[in-house]
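> For reference, the file entry16.txt (compact mmCIF, N, CA and C atoms) is included below:
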```
# COMPACT_ATOMS: atom_id res chain seq x y z
N MET A 1 10.77 3.63 -25.97
CA MET A 1 9.78 3.74 -24.91
C MET A 1 8.48 3.10 -25.35
N GLY A 2 7.69 2.75 -24.37
CA GLY A 2 6.46 2.01 -24.61
C GLY A 2 5.33 2.85 -25.18
N THR A 3 4.26 2.16 -25.50
CA THR A 3 3.06 2.79 -26.00
C THR A 3 2.44 3.62 -24.89
N LYS A 4 1.99 4.81 -25.20
CA LYS A 4 1.35 5.64 -24.19
C LYS A 4 -0.04 5.11 -23.90
N ASN A 5 -0.46 5.25 -22.65
CA ASN A 5 -1.77 4.80 -22.20
C ASN A 5 -1.98 3.30 -22.43
N ASN A 6 -1.09 2.54 -21.87
CA ASN A 6 -1.16 1.08 -21.94
C ASN A 6 -2.19 0.63 -20.90
N ASN A 7 -3.40 0.32 -21.35
CA ASN A 7 -4.49 -0.02 -20.44
C ASN A 7 -4.21 -1.27 -19.62
N ASN A 8 -3.55 -2.26 -20.21
CA ASN A 8 -3.23 -3.47 -19.46
C ASN A 8 -2.24 -3.17 -18.33
N LEU A 9 -1.27 -2.33 -18.62
CA LEU A 9 -0.30 -1.93 -17.61
C LEU A 9 -0.99 -1.12 -16.51
N PHE A 10 -1.86 -0.23 -16.90
CA PHE A 10 -2.60 0.59 -15.94
C PHE A 10 -3.39 -0.30 -14.99
N TYR A 11 -4.11 -1.26 -15.52
CA TYR A 11 -4.90 -2.16 -14.69
C TYR A 11 -4.00 -2.98 -13.77
N THR A 12 -2.90 -3.50 -14.29
CA THR A 12 -1.97 -4.31 -13.50
C THR A 12 -1.44 -3.51 -12.32
N CYS A 13 -1.02 -2.28 -12.56
CA CYS A 13 -0.47 -1.44 -11.49
C CYS A 13 -1.56 -1.06 -10.47
N ALA A 14 -2.75 -0.76 -10.95
CA ALA A 14 -3.85 -0.43 -10.03
C ALA A 14 -4.21 -1.63 -9.17
N LEU A 15 -4.19 -2.83 -9.75
CA LEU A 15 -4.48 -4.04 -9.00
C LEU A 15 -3.41 -4.29 -7.93
N ILE A 16 -2.15 -4.10 -8.28
CA ILE A 16 -1.07 -4.24 -7.30
C ILE A 16 -1.28 -3.27 -6.15
N GLU A 17 -1.63 -2.04 -6.47
CA GLU A 17 -1.90 -1.03 -5.44
C GLU A 17 -3.09 -1.43 -4.58
N TYR A 18 -4.15 -1.88 -5.21
CA TYR A 18 -5.36 -2.27 -4.48
C TYR A 18 -5.05 -3.44 -3.53
N ILE A 19 -4.36 -4.45 -4.03
CA ILE A 19 -3.99 -5.60 -3.20
C ILE A 19 -3.11 -5.15 -2.04
N GLY A 20 -2.14 -4.28 -2.32
CA GLY A 20 -1.26 -3.79 -1.27
C GLY A 20 -2.02 -3.11 -0.14
N ARG A 21 -3.04 -2.36 -0.50
CA ARG A 21 -3.87 -1.70 0.52
C ARG A 21 -4.70 -2.71 1.30
N GLN A 22 -5.17 -3.75 0.64
CA GLN A 22 -6.00 -4.76 1.31
C GLN A 22 -5.18 -5.59 2.30
N VAL A 23 -3.98 -5.98 1.90
CA VAL A 23 -3.16 -6.85 2.76
C VAL A 23 -2.14 -6.06 3.57
N LYS A 24 -2.16 -4.74 3.45
CA LYS A 24 -1.25 -3.87 4.20
C LYS A 24 0.21 -4.31 4.08
N ARG A 25 0.63 -4.35 2.81
CA ARG A 25 2.00 -4.75 2.50
C ARG A 25 2.62 -3.74 1.55
N ARG A 26 3.93 -3.63 1.62
CA ARG A 26 4.64 -2.81 0.65
C ARG A 26 4.36 -3.38 -0.73
N ARG A 27 4.34 -2.52 -1.72
CA ARG A 27 3.99 -2.98 -3.07
C ARG A 27 5.03 -3.94 -3.62
N SER A 28 6.29 -3.79 -3.21
CA SER A 28 7.32 -4.75 -3.63
C SER A 28 7.02 -6.13 -3.06
N ASP A 29 6.49 -6.19 -1.84
CA ASP A 29 6.10 -7.48 -1.25
C ASP A 29 4.95 -8.10 -2.04
N VAL A 30 4.00 -7.28 -2.44
CA VAL A 30 2.86 -7.77 -3.23
C VAL A 30 3.37 -8.38 -4.54
N VAL A 31 4.28 -7.68 -5.19
CA VAL A 31 4.85 -8.16 -6.45
C VAL A 31 5.57 -9.49 -6.22
N ASP A 32 6.33 -9.59 -5.13
CA ASP A 32 7.01 -10.86 -4.81
C ASP A 32 6.01 -11.98 -4.59
N LEU A 33 4.95 -11.70 -3.83
CA LEU A 33 3.94 -12.73 -3.54
C LEU A 33 3.16 -13.13 -4.79
N LEU A 34 2.92 -12.19 -5.67
CA LEU A 34 2.23 -12.52 -6.92
C LEU A 34 3.10 -13.38 -7.83
N THR A 35 4.37 -13.15 -7.82
CA THR A 35 5.39 -13.76 -8.69
C THR A 35 5.33 -13.17 -10.10
N ILE A 36 6.43 -13.23 -10.78
CA ILE A 36 6.52 -12.64 -12.12
C ILE A 36 5.58 -13.36 -13.09
N ASP A 37 5.37 -14.66 -12.91
CA ASP A 37 4.46 -15.39 -13.81
C ASP A 37 3.02 -14.90 -13.69
N ARG A 38 2.56 -14.68 -12.45
CA ARG A 38 1.20 -14.17 -12.27
C ARG A 38 1.09 -12.73 -12.79
N ILE A 39 2.12 -11.94 -12.55
CA ILE A 39 2.08 -10.56 -13.04
C ILE A 39 1.98 -10.56 -14.56
N LYS A 40 2.72 -11.44 -15.19
CA LYS A 40 2.63 -11.57 -16.65
C LYS A 40 1.22 -11.95 -17.08
N ARG A 41 0.61 -12.88 -16.35
CA ARG A 41 -0.77 -13.30 -16.66
C ARG A 41 -1.75 -12.16 -16.45
N ILE A 42 -1.60 -11.43 -15.35
CA ILE A 42 -2.48 -10.27 -15.09
C ILE A 42 -2.34 -9.26 -16.21
N TYR A 43 -1.10 -8.98 -16.59
CA TYR A 43 -0.84 -8.01 -17.65
C TYR A 43 -1.44 -8.46 -18.98
N GLU A 44 -1.21 -9.72 -19.33
CA GLU A 44 -1.69 -10.22 -20.62
C GLU A 44 -3.21 -10.33 -20.69
N TYR A 45 -3.86 -10.60 -19.56
CA TYR A 45 -5.32 -10.79 -19.55
C TYR A 45 -6.05 -9.69 -18.79
N ALA A 46 -5.42 -8.53 -18.67
CA ALA A 46 -6.03 -7.43 -17.91
C ALA A 46 -7.40 -7.04 -18.45
N ASP A 47 -7.57 -7.11 -19.76
CA ASP A 47 -8.87 -6.75 -20.35
C ASP A 47 -9.97 -7.70 -19.87
N VAL A 48 -9.62 -8.96 -19.62
CA VAL A 48 -10.58 -9.94 -19.11
C VAL A 48 -10.81 -9.71 -17.61
N PHE A 49 -9.72 -9.56 -16.85
CA PHE A 49 -9.85 -9.31 -15.41
C PHE A 49 -10.65 -8.04 -15.15
N HIS A 50 -10.46 -7.06 -16.00
CA HIS A 50 -11.11 -5.76 -15.82
C HIS A 50 -12.64 -5.86 -15.92
N CYS A 51 -13.15 -6.93 -16.50
CA CYS A 51 -14.60 -7.13 -16.60
C CYS A 51 -15.23 -7.47 -15.25
N GLU A 52 -14.42 -7.93 -14.32
CA GLU A 52 -14.89 -8.26 -12.97
C GLU A 52 -14.58 -7.09 -12.05
N PRO A 53 -15.30 -6.96 -10.93
CA PRO A 53 -14.94 -5.91 -9.96
C PRO A 53 -13.52 -6.14 -9.46
N ILE A 54 -12.77 -5.08 -9.30
CA ILE A 54 -11.37 -5.20 -8.86
C ILE A 54 -11.30 -5.87 -7.49
N GLU A 55 -12.31 -5.66 -6.65
CA GLU A 55 -12.33 -6.28 -5.32
C GLU A 55 -12.32 -7.81 -5.44
N LYS A 56 -13.09 -8.33 -6.40
CA LYS A 56 -13.18 -9.79 -6.61
C LYS A 56 -11.86 -10.33 -7.15
N VAL A 57 -11.30 -9.66 -8.14
CA VAL A 57 -10.03 -10.09 -8.73
C VAL A 57 -8.93 -10.07 -7.67
N ALA A 58 -8.87 -8.98 -6.91
CA ALA A 58 -7.86 -8.86 -5.86
C ALA A 58 -8.01 -9.98 -4.84
N TYR A 59 -9.23 -10.23 -4.40
CA TYR A 59 -9.49 -11.28 -3.42
C TYR A 59 -9.01 -12.64 -3.93
N GLU A 60 -9.29 -12.93 -5.19
CA GLU A 60 -8.87 -14.22 -5.77
C GLU A 60 -7.35 -14.37 -5.79
N PHE A 61 -6.64 -13.28 -6.12
CA PHE A 61 -5.18 -13.36 -6.12
C PHE A 61 -4.63 -13.41 -4.70
N ILE A 62 -5.26 -12.71 -3.77
CA ILE A 62 -4.83 -12.77 -2.37
C ILE A 62 -4.95 -14.20 -1.85
N MET A 63 -6.06 -14.86 -2.19
CA MET A 63 -6.28 -16.25 -1.76
C MET A 63 -5.32 -17.21 -2.47
N GLU A 64 -5.20 -17.04 -3.80
CA GLU A 64 -4.34 -17.92 -4.59
C GLU A 64 -2.89 -17.85 -4.12
N CYS A 65 -2.45 -16.67 -3.72
CA CYS A 65 -1.06 -16.47 -3.31
C CYS A 65 -0.88 -16.61 -1.79
N ASN A 66 -1.98 -16.90 -1.10
CA ASN A 66 -1.93 -17.10 0.34
C ASN A 66 -1.29 -15.90 1.05
N MET A 67 -1.72 -14.70 0.69
CA MET A 67 -1.14 -13.47 1.25
C MET A 67 -1.70 -13.21 2.64
N SER A 68 -0.81 -13.04 3.59
CA SER A 68 -1.22 -12.69 4.95
C SER A 68 -1.16 -11.18 5.11
N LYS A 69 -1.85 -10.69 6.12
CA LYS A 69 -1.85 -9.24 6.40
C LYS A 69 -0.51 -8.83 6.96
N GLY A 70 -0.06 -7.67 6.49
CA GLY A 70 1.16 -7.08 7.03
C GLY A 70 0.79 -5.91 7.93
N ASN A 71 1.75 -5.04 8.15
CA ASN A 71 1.49 -3.87 8.99
C ASN A 71 1.90 -2.57 8.30
N TYR A 72 2.02 -2.63 6.97
CA TYR A 72 2.36 -1.43 6.20
C TYR A 72 1.06 -0.77 5.77
N ASP A 73 0.76 0.38 6.36
CA ASP A 73 -0.50 1.06 6.06
C ASP A 73 -0.25 2.52 5.68
N ASN A 74 0.19 2.72 4.45
CA ASN A 74 0.47 4.09 4.01
C ASN A 74 -0.81 4.91 3.84
N VAL A 75 -1.93 4.25 3.74
CA VAL A 75 -3.21 4.97 3.64
C VAL A 75 -3.55 5.59 4.99
N ALA A 76 -3.44 4.82 6.08
CA ALA A 76 -3.74 5.34 7.41
C ALA A 76 -2.74 6.43 7.83
N GLU A 77 -1.51 6.30 7.35
CA GLU A 77 -0.48 7.28 7.71
C GLU A 77 -0.63 8.60 6.95
N CYS A 78 -1.44 8.60 5.91
CA CYS A 78 -1.60 9.80 5.08
C CYS A 78 -2.36 10.87 5.86
N GLN A 79 -1.76 12.05 5.92
CA GLN A 79 -2.36 13.17 6.66
C GLN A 79 -3.25 14.04 5.77
N TYR A 80 -3.29 13.73 4.52
CA TYR A 80 -4.03 14.54 3.56
C TYR A 80 -5.04 13.66 2.84
N LYS A 81 -5.58 14.15 1.77
CA LYS A 81 -6.51 13.36 0.97
C LYS A 81 -5.74 12.18 0.37
N VAL A 82 -6.24 10.99 0.60
CA VAL A 82 -5.57 9.78 0.13
C VAL A 82 -5.83 9.61 -1.37
N PRO A 83 -4.77 9.45 -2.17
CA PRO A 83 -4.99 9.19 -3.59
C PRO A 83 -5.61 7.81 -3.76
N ASN A 84 -6.50 7.65 -4.71
CA ASN A 84 -7.11 6.33 -4.87
C ASN A 84 -6.15 5.39 -5.62
N TYR A 85 -6.49 4.12 -5.60
CA TYR A 85 -5.59 3.12 -6.19
C TYR A 85 -5.48 3.27 -7.70
N TRP A 86 -6.50 3.82 -8.35
CA TRP A 86 -6.40 4.07 -9.80
C TRP A 86 -5.38 5.17 -10.06
N ASP A 87 -5.39 6.23 -9.23
CA ASP A 87 -4.43 7.33 -9.40
C ASP A 87 -2.99 6.84 -9.23
N ILE A 88 -2.76 6.05 -8.20
CA ILE A 88 -1.41 5.54 -7.96
C ILE A 88 -1.02 4.53 -9.04
N GLY A 89 -1.98 3.71 -9.46
CA GLY A 89 -1.71 2.79 -10.57
C GLY A 89 -1.26 3.53 -11.81
N GLU A 90 -1.87 4.69 -12.04
CA GLU A 90 -1.50 5.49 -13.20
C GLU A 90 -0.08 6.05 -13.09
N VAL A 91 0.34 6.42 -11.88
CA VAL A 91 1.71 6.91 -11.68
C VAL A 91 2.71 5.82 -12.06
N TYR A 92 2.48 4.61 -11.57
CA TYR A 92 3.37 3.49 -11.91
C TYR A 92 3.29 3.17 -13.41
N GLU A 93 2.09 3.14 -13.94
CA GLU A 93 1.92 2.85 -15.37
C GLU A 93 2.75 3.81 -16.21
N ARG A 94 2.62 5.09 -15.96
CA ARG A 94 3.33 6.10 -16.75
C ARG A 94 4.84 5.94 -16.62
N LEU A 95 5.29 5.72 -15.41
CA LEU A 95 6.73 5.56 -15.20
C LEU A 95 7.25 4.34 -15.97
N ILE A 96 6.56 3.23 -15.84
CA ILE A 96 7.01 2.00 -16.51
C ILE A 96 6.98 2.17 -18.02
N GLU A 97 5.91 2.77 -18.55
CA GLU A 97 5.86 2.91 -20.01
C GLU A 97 6.83 3.98 -20.52
N ASP A 98 7.23 4.92 -19.67
CA ASP A 98 8.22 5.91 -20.07
C ASP A 98 9.64 5.35 -20.07
N ILE A 99 9.88 4.31 -19.30
CA ILE A 99 11.24 3.78 -19.14
C ILE A 99 11.47 2.50 -19.94
N TYR A 100 10.44 1.67 -20.06
CA TYR A 100 10.62 0.34 -20.65
C TYR A 100 9.90 0.21 -21.99
N ASP A 101 10.50 -0.57 -22.88
CA ASP A 101 9.88 -0.89 -24.17
C ASP A 101 8.72 -1.85 -23.95
N ASP A 102 7.79 -1.84 -24.89
CA ASP A 102 6.59 -2.69 -24.78
C ASP A 102 6.92 -4.16 -24.51
N GLU A 103 7.95 -4.69 -25.17
CA GLU A 103 8.27 -6.10 -25.00
C GLU A 103 8.94 -6.39 -23.65
N ASP A 104 9.28 -5.35 -22.90
CA ASP A 104 9.95 -5.54 -21.61
C ASP A 104 9.11 -5.01 -20.44
N ILE A 105 7.81 -4.85 -20.67
CA ILE A 105 6.93 -4.25 -19.66
C ILE A 105 6.88 -5.06 -18.37
N VAL A 106 6.75 -6.36 -18.45
CA VAL A 106 6.63 -7.18 -17.24
C VAL A 106 7.91 -7.08 -16.40
N ASN A 107 9.06 -7.12 -17.06
CA ASN A 107 10.32 -6.92 -16.33
C ASN A 107 10.40 -5.50 -15.77
N GLY A 108 9.83 -4.56 -16.48
CA GLY A 108 9.78 -3.18 -16.00
C GLY A 108 8.93 -3.06 -14.74
N ILE A 109 7.80 -3.77 -14.73
CA ILE A 109 6.95 -3.78 -13.53
C ILE A 109 7.76 -4.28 -12.35
N TRP A 110 8.42 -5.42 -12.55
CA TRP A 110 9.23 -6.03 -11.49
C TRP A 110 10.31 -5.06 -11.01
N ALA A 111 11.02 -4.46 -11.96
CA ALA A 111 12.15 -3.58 -11.61
C ALA A 111 11.68 -2.32 -10.87
N VAL A 112 10.64 -1.70 -11.34
CA VAL A 112 10.18 -0.44 -10.72
C VAL A 112 9.67 -0.69 -9.30
N TYR A 113 8.87 -1.73 -9.13
CA TYR A 113 8.34 -2.01 -7.80
C TYR A 113 9.42 -2.45 -6.81
N HIS A 114 10.54 -2.93 -7.31
CA HIS A 114 11.65 -3.33 -6.44
C HIS A 114 12.72 -2.25 -6.34
N SER A 115 12.46 -1.09 -6.89
CA SER A 115 13.47 -0.03 -6.87
C SER A 115 13.21 0.95 -5.71
N TRP A 116 14.12 1.85 -5.55
CA TRP A 116 14.04 2.88 -4.52
C TRP A 116 12.81 3.77 -4.68
N ILE A 117 12.32 3.92 -5.90
CA ILE A 117 11.25 4.87 -6.16
C ILE A 117 9.90 4.42 -5.59
N ASP A 118 9.74 3.13 -5.38
CA ASP A 118 8.49 2.59 -4.84
C ASP A 118 8.13 3.26 -3.51
N SER A 119 9.08 3.40 -2.61
CA SER A 119 8.79 4.01 -1.31
C SER A 119 8.44 5.50 -1.45
N HIS A 120 8.98 6.16 -2.46
CA HIS A 120 8.65 7.57 -2.68
C HIS A 120 7.25 7.75 -3.26
N ILE A 121 6.87 6.88 -4.18
CA ILE A 121 5.52 6.97 -4.75
C ILE A 121 4.49 6.60 -3.68
N SER A 122 4.83 5.65 -2.81
CA SER A 122 3.90 5.17 -1.78
C SER A 122 3.81 6.08 -0.56
N TYR A 123 4.65 7.10 -0.50
CA TYR A 123 4.62 8.01 0.65
C TYR A 123 3.69 9.17 0.30
N TYR A 124 2.44 9.06 0.73
CA TYR A 124 1.40 10.01 0.33
C TYR A 124 1.47 11.34 1.06
N ASN A 125 2.34 11.47 2.06
CA ASN A 125 2.48 12.75 2.74
C ASN A 125 3.46 13.68 2.03
N SER A 126 4.02 13.22 0.94
CA SER A 126 4.87 14.09 0.11
C SER A 126 4.10 14.41 -1.17
N ASP A 127 4.66 15.26 -1.96
CA ASP A 127 4.01 15.62 -3.23
C ASP A 127 4.63 14.86 -4.41
N PHE A 128 5.48 13.87 -4.13
CA PHE A 128 6.20 13.20 -5.20
C PHE A 128 5.28 12.50 -6.19
N TYR A 129 4.29 11.77 -5.68
CA TYR A 129 3.45 10.93 -6.56
C TYR A 129 2.62 11.74 -7.55
N TYR A 130 2.39 13.03 -7.30
CA TYR A 130 1.63 13.79 -8.29
C TYR A 130 2.47 14.79 -9.08
N GLN A 131 3.77 14.54 -9.11
CA GLN A 131 4.66 15.33 -9.97
C GLN A 131 4.45 14.91 -11.43
N PRO A 132 4.87 15.76 -12.37
CA PRO A 132 4.74 15.40 -13.80
C PRO A 132 5.48 14.10 -14.12
N ARG A 133 4.92 13.36 -15.05
CA ARG A 133 5.49 12.04 -15.39
C ARG A 133 6.93 12.13 -15.87
N ASP A 134 7.29 13.18 -16.61
CA ASP A 134 8.67 13.28 -17.09
C ASP A 134 9.65 13.53 -15.94
N TYR A 135 9.20 14.23 -14.92
CA TYR A 135 10.03 14.46 -13.73
C TYR A 135 10.25 13.14 -12.99
N ILE A 136 9.19 12.37 -12.78
CA ILE A 136 9.31 11.09 -12.08
C ILE A 136 10.21 10.14 -12.86
N ALA A 137 10.07 10.12 -14.19
CA ALA A 137 10.94 9.27 -15.02
C ALA A 137 12.40 9.72 -14.93
N ALA A 138 12.63 11.03 -14.92
CA ALA A 138 14.00 11.55 -14.80
C ALA A 138 14.60 11.17 -13.44
N CYS A 139 13.81 11.25 -12.39
CA CYS A 139 14.27 10.85 -11.06
C CYS A 139 14.65 9.37 -11.06
N PHE A 140 13.78 8.55 -11.65
CA PHE A 140 14.05 7.11 -11.69
C PHE A 140 15.36 6.84 -12.42
N GLU A 141 15.54 7.46 -13.56
CA GLU A 141 16.77 7.25 -14.34
C GLU A 141 18.00 7.76 -13.60
N GLU A 142 17.85 8.84 -12.83
CA GLU A 142 18.96 9.40 -12.07
C GLU A 142 19.26 8.57 -10.82
N GLY A 143 18.24 7.87 -10.33
CA GLY A 143 18.42 7.07 -9.13
C GLY A 143 18.20 7.84 -7.84
N ASP A 144 17.58 9.02 -7.95
CA ASP A 144 17.34 9.85 -6.78
C ASP A 144 16.31 10.93 -7.11
N VAL A 145 15.70 11.49 -6.09
CA VAL A 145 14.77 12.61 -6.30
C VAL A 145 15.60 13.83 -6.65
N LEU A 146 15.27 14.42 -7.77
CA LEU A 146 16.04 15.57 -8.27
C LEU A 146 15.62 16.87 -7.59
```
When written as structure tokens, how does the structure in this file appear?

Amino acid sequence: MGTKNNNNLFYTCALIEYIGRQVKRRRSDVVDLLTIDRIKRIYEYADVFHCEPIEKVAYEFIMECNMSKGNYDNVAECQYKVPNYWDIGEVYERLIEDIYDDEDIVNGIWAVYHSWIDSHISYYNSDFYYQPRDYIAACFEEGDVL
């Protein structure tokens, strides 16, 4: 398993979440539009990107990738307090670092965002996203909510 509290992974996941909210797209769509090469670049240079406001970094990637607005708005659909993009980024970060080795993090990002669990983490009207990290990892490995 990966290093705990991987700051580059945390930033990458939070940025994916932030972009998804801006362009109203499923996070798997955001990952597809970014491409694995850009995700690798974001991950490797997260400490540099983090020096800029996330709004600016997100805008630059939205423009670079020519992302159009979608109609997926899990924030508007939330009936409760909306978790912020840092909180959701942390859920993905923990899951990825609990499942994947450090040298396979970028592939882990790709796999997790394209898996069944993405829709469960993104559904803010359930309590799934704030469950303990070991529970979420066990669900992912099982392939279903336990």
> Counting only N, CA and C atoms, figure out which residue out of A:Ser28, A:Trp86, A:Glu60, A:Glu97 gets nearest to Asp118 in chain A.
A:Ser28
> A:Glu64, A:Asn125, A:Gly89, A:Glu52: which is nearest Glu77 in chain A, counting only N, CA and C atoms?
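Closest to Glu77 in chain A, using only N, CA and C atoms: A:Asn125.
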> Please measure the separation of atom C of Tyr124 in chain A and CA of Glu17 in chain A, giving the value in Å to one decimal.
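Spanning atom C of Tyr124 in chain A to CA of Glu17 in chain A is a straight-line distance of 14.4 Å.
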> Quick one: residues within 10 Å of Ile42 in chain A, only C-alpha atoms counted, chain neighbours fewer than 2 positions away excluded, as a list in words?
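Result of the neighbour search: Asn8, Leu9, Tyr11, Thr12, Cys13, Leu15, Ile16, Leu34, Ile36, Asp37, Arg38, Ile39, Lys40, Glu44, Tyr45, Ala46, Asp47, Val48, Phe49, His50, Val57, Phe61 and Val106 of chain A.
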> Using Å and a single decimal, report how far CA of Glu90 in chain A sits from CA of Ala14 in chain A.
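CA of Glu90 in chain A lies 7.1 Å from CA of Ala14 in chain A.
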> Please provide the set of residues having any atom within 8 Å of Arg94 in chain A, restricted to all atoms listed in the file, with same-chain residues fewer than 6 positions apart removed, written as a ChimeraX atom specification.
/A:4-6,9-10,88,100,133-134,136-137
> Closest to Arg21 in chain A among A:Met67, A:Val91, A:Val75, A:Cys51, using all atoms listed in the file?
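Once distances to Arg21 in chain A are computed over all atoms listed in the file, the minimum belongs to A:Val75.
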> What is the distance between CA of Tyr18 in chain A and atom N of Asp73 in chain A, in Å to one decimal?
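Straight-line distance from CA of Tyr18 in chain A to atom N of Asp73 in chain A works out to 12.7 Å.
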> Could you list, as a PyMOL selection string, every residue within 10 Å of Ile62 in chain A, counting only C-alpha atoms and ignoring same-chain residues fewer than 5 positions away?
chain A and resi 19-20+22-23+30+33-34+56-57+67-69
> For the residues selected in the previous step, produce a file with N, CA and C atoms as an mmCIF file, keeping the file's coordinate frame.

```
data_model
loop_
_atom_site.group_PDB
_atom_site.id
_atom_site.type_symbol
_atom_site.label_atom_id
_atom_site.label_comp_id
_atom_site.auth_asym_id
_atom_site.auth_seq_id
_atom_site.Cartn_x
_atom_site.Cartn_y
_atom_site.Cartn_z
ATOM 1 N N ILE A 19 -4.360 -4.450 -4.030
ATOM 2 C CA ILE A 19 -3.990 -5.600 -3.200
ATOM 3 C C ILE A 19 -3.110 -5.150 -2.040
ATOM 4 N N GLY A 20 -2.140 -4.280 -2.320
ATOM 5 C CA GLY A 20 -1.260 -3.790 -1.270
ATOM 6 C C GLY A 20 -2.020 -3.110 -0.140
ATOM 7 N N GLN A 22 -5.170 -3.750 0.640
ATOM 8 C CA GLN A 22 -6.000 -4.760 1.310
ATOM 9 C C GLN A 22 -5.180 -5.590 2.300
ATOM 10 N N VAL A 23 -3.980 -5.980 1.900
ATOM 11 C CA VAL A 23 -3.160 -6.850 2.760
ATOM 12 C C VAL A 23 -2.140 -6.060 3.570
ATOM 13 N N VAL A 30 4.000 -7.280 -2.440
ATOM 14 C CA VAL A 30 2.860 -7.770 -3.230
ATOM 15 C C VAL A 30 3.370 -8.380 -4.540
ATOM 16 N N LEU A 33 4.950 -11.700 -3.830
ATOM 17 C CA LEU A 33 3.940 -12.730 -3.540
ATOM 18 C C LEU A 33 3.160 -13.130 -4.790
ATOM 19 N N LEU A 34 2.920 -12.190 -5.670
ATOM 20 C CA LEU A 34 2.230 -12.520 -6.920
ATOM 21 C C LEU A 34 3.100 -13.380 -7.830
ATOM 22 N N LYS A 56 -13.090 -8.330 -6.400
ATOM 23 C CA LYS A 56 -13.180 -9.790 -6.610
ATOM 24 C C LYS A 56 -11.860 -10.330 -7.150
ATOM 25 N N VAL A 57 -11.300 -9.660 -8.140
ATOM 26 C CA VAL A 57 -10.030 -10.090 -8.730
ATOM 27 C C VAL A 57 -8.930 -10.070 -7.670
ATOM 28 N N MET A 67 -1.720 -14.700 0.690
ATOM 29 C CA MET A 67 -1.140 -13.470 1.250
ATOM 30 C C MET A 67 -1.700 -13.210 2.640
ATOM 31 N N SER A 68 -0.810 -13.040 3.590
ATOM 32 C CA SER A 68 -1.220 -12.690 4.950
ATOM 33 C C SER A 68 -1.160 -11.180 5.110
ATOM 34 N N LYS A 69 -1.850 -10.690 6.120
ATOM 35 C CA LYS A 69 -1.850 -9.240 6.400
ATOM 36 C C LYS A 69 -0.510 -8.830 6.960
#
```
> From the options A:Tyr129, A:Tyr135, A:Tyr123, A:Trp110, which residue's atoms come nearest to Val31 in chain A, counting only N, CA and C atoms?
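So, comparing all the options, the nearest one is A:Trp110.
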> Using DSSP on the backbone coordinates, identify the residues of chain A assigned to alpha helix (DSSP H); present them as a PyMOL selection string.
chain A and resi 7-23+27-44+46-49+54-64+74-77+85-99+105-113+117-121+133-142
> Could I see range 26-30 of chain A restored to all heavy atoms, set down as a PDB file, in the coordinates of the input?

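Generated file (result_26.pdb):
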```
ATOM      1  N   ARG A  26       3.930  -3.630   1.620  1.00  0.00           N
ATOM      2  CA  ARG A  26       4.640  -2.810   0.650  1.00  0.00           C
ATOM      3  C   ARG A  26       4.360  -3.380  -0.730  1.00  0.00           C
ATOM      4  O   ARG A  26       4.185  -4.587  -0.885  1.00  0.00           O
ATOM      5  CB  ARG A  26       6.152  -2.807   0.917  1.00  0.00           C
ATOM      6  CG  ARG A  26       6.497  -2.140   2.224  1.00  0.00           C
ATOM      7  CD  ARG A  26       7.994  -1.900   2.351  1.00  0.00           C
ATOM      8  NE  ARG A  26       8.244  -1.174   3.575  1.00  0.00           N
ATOM      9  CZ  ARG A  26       8.092   0.151   3.712  1.00  0.00           C
ATOM     10  NH1 ARG A  26       7.715   0.876   2.684  1.00  0.00           N
ATOM     11  NH2 ARG A  26       8.325   0.742   4.862  1.00  0.00           N
ATOM     12  N   ARG A  27       4.340  -2.520  -1.720  1.00  0.00           N
ATOM     13  CA  ARG A  27       3.990  -2.980  -3.070  1.00  0.00           C
ATOM     14  C   ARG A  27       5.030  -3.940  -3.620  1.00  0.00           C
ATOM     15  O   ARG A  27       4.707  -4.852  -4.370  1.00  0.00           O
ATOM     16  CB  ARG A  27       3.769  -1.794  -4.005  1.00  0.00           C
ATOM     17  CG  ARG A  27       2.737  -0.760  -3.511  1.00  0.00           C
ATOM     18  CD  ARG A  27       1.511  -1.366  -2.817  1.00  0.00           C
ATOM     19  NE  ARG A  27       0.618  -0.343  -2.296  1.00  0.00           N
ATOM     20  CZ  ARG A  27       0.324  -0.180  -1.021  1.00  0.00           C
ATOM     21  NH1 ARG A  27       0.844  -0.962  -0.094  1.00  0.00           N
ATOM     22  NH2 ARG A  27      -0.511   0.768  -0.639  1.00  0.00           N
ATOM     23  N   SER A  28       6.290  -3.790  -3.210  1.00  0.00           N
ATOM     24  CA  SER A  28       7.320  -4.750  -3.630  1.00  0.00           C
ATOM     25  C   SER A  28       7.020  -6.130  -3.060  1.00  0.00           C
ATOM     26  O   SER A  28       7.249  -7.146  -3.731  1.00  0.00           O
ATOM     27  CB  SER A  28       8.711  -4.280  -3.205  1.00  0.00           C
ATOM     28  OG  SER A  28       8.777  -4.083  -1.807  1.00  0.00           O
ATOM     29  N   ASP A  29       6.490  -6.190  -1.840  1.00  0.00           N
ATOM     30  CA  ASP A  29       6.100  -7.480  -1.250  1.00  0.00           C
ATOM     31  C   ASP A  29       4.950  -8.100  -2.040  1.00  0.00           C
ATOM     32  O   ASP A  29       4.935  -9.324  -2.260  1.00  0.00           O
ATOM     33  CB  ASP A  29       5.645  -7.313   0.209  1.00  0.00           C
ATOM     34  CG  ASP A  29       6.767  -6.897   1.144  1.00  0.00           C
ATOM     35  OD1 ASP A  29       7.955  -7.015   0.760  1.00  0.00           O
ATOM     36  OD2 ASP A  29       6.447  -6.443   2.259  1.00  0.00           O
ATOM     37  N   VAL A  30       4.000  -7.280  -2.440  1.00  0.00           N
ATOM     38  CA  VAL A  30       2.860  -7.770  -3.230  1.00  0.00           C
ATOM     39  C   VAL A  30       3.370  -8.380  -4.540  1.00  0.00           C
ATOM     40  O   VAL A  30       2.950  -9.464  -4.939  1.00  0.00           O
ATOM     41  CB  VAL A  30       1.830  -6.653  -3.502  1.00  0.00           C
ATOM     42  CG1 VAL A  30       0.757  -7.110  -4.478  1.00  0.00           C
ATOM     43  CG2 VAL A  30       1.199  -6.186  -2.196  1.00  0.00           C
TER      44      VAL A  30
END
```
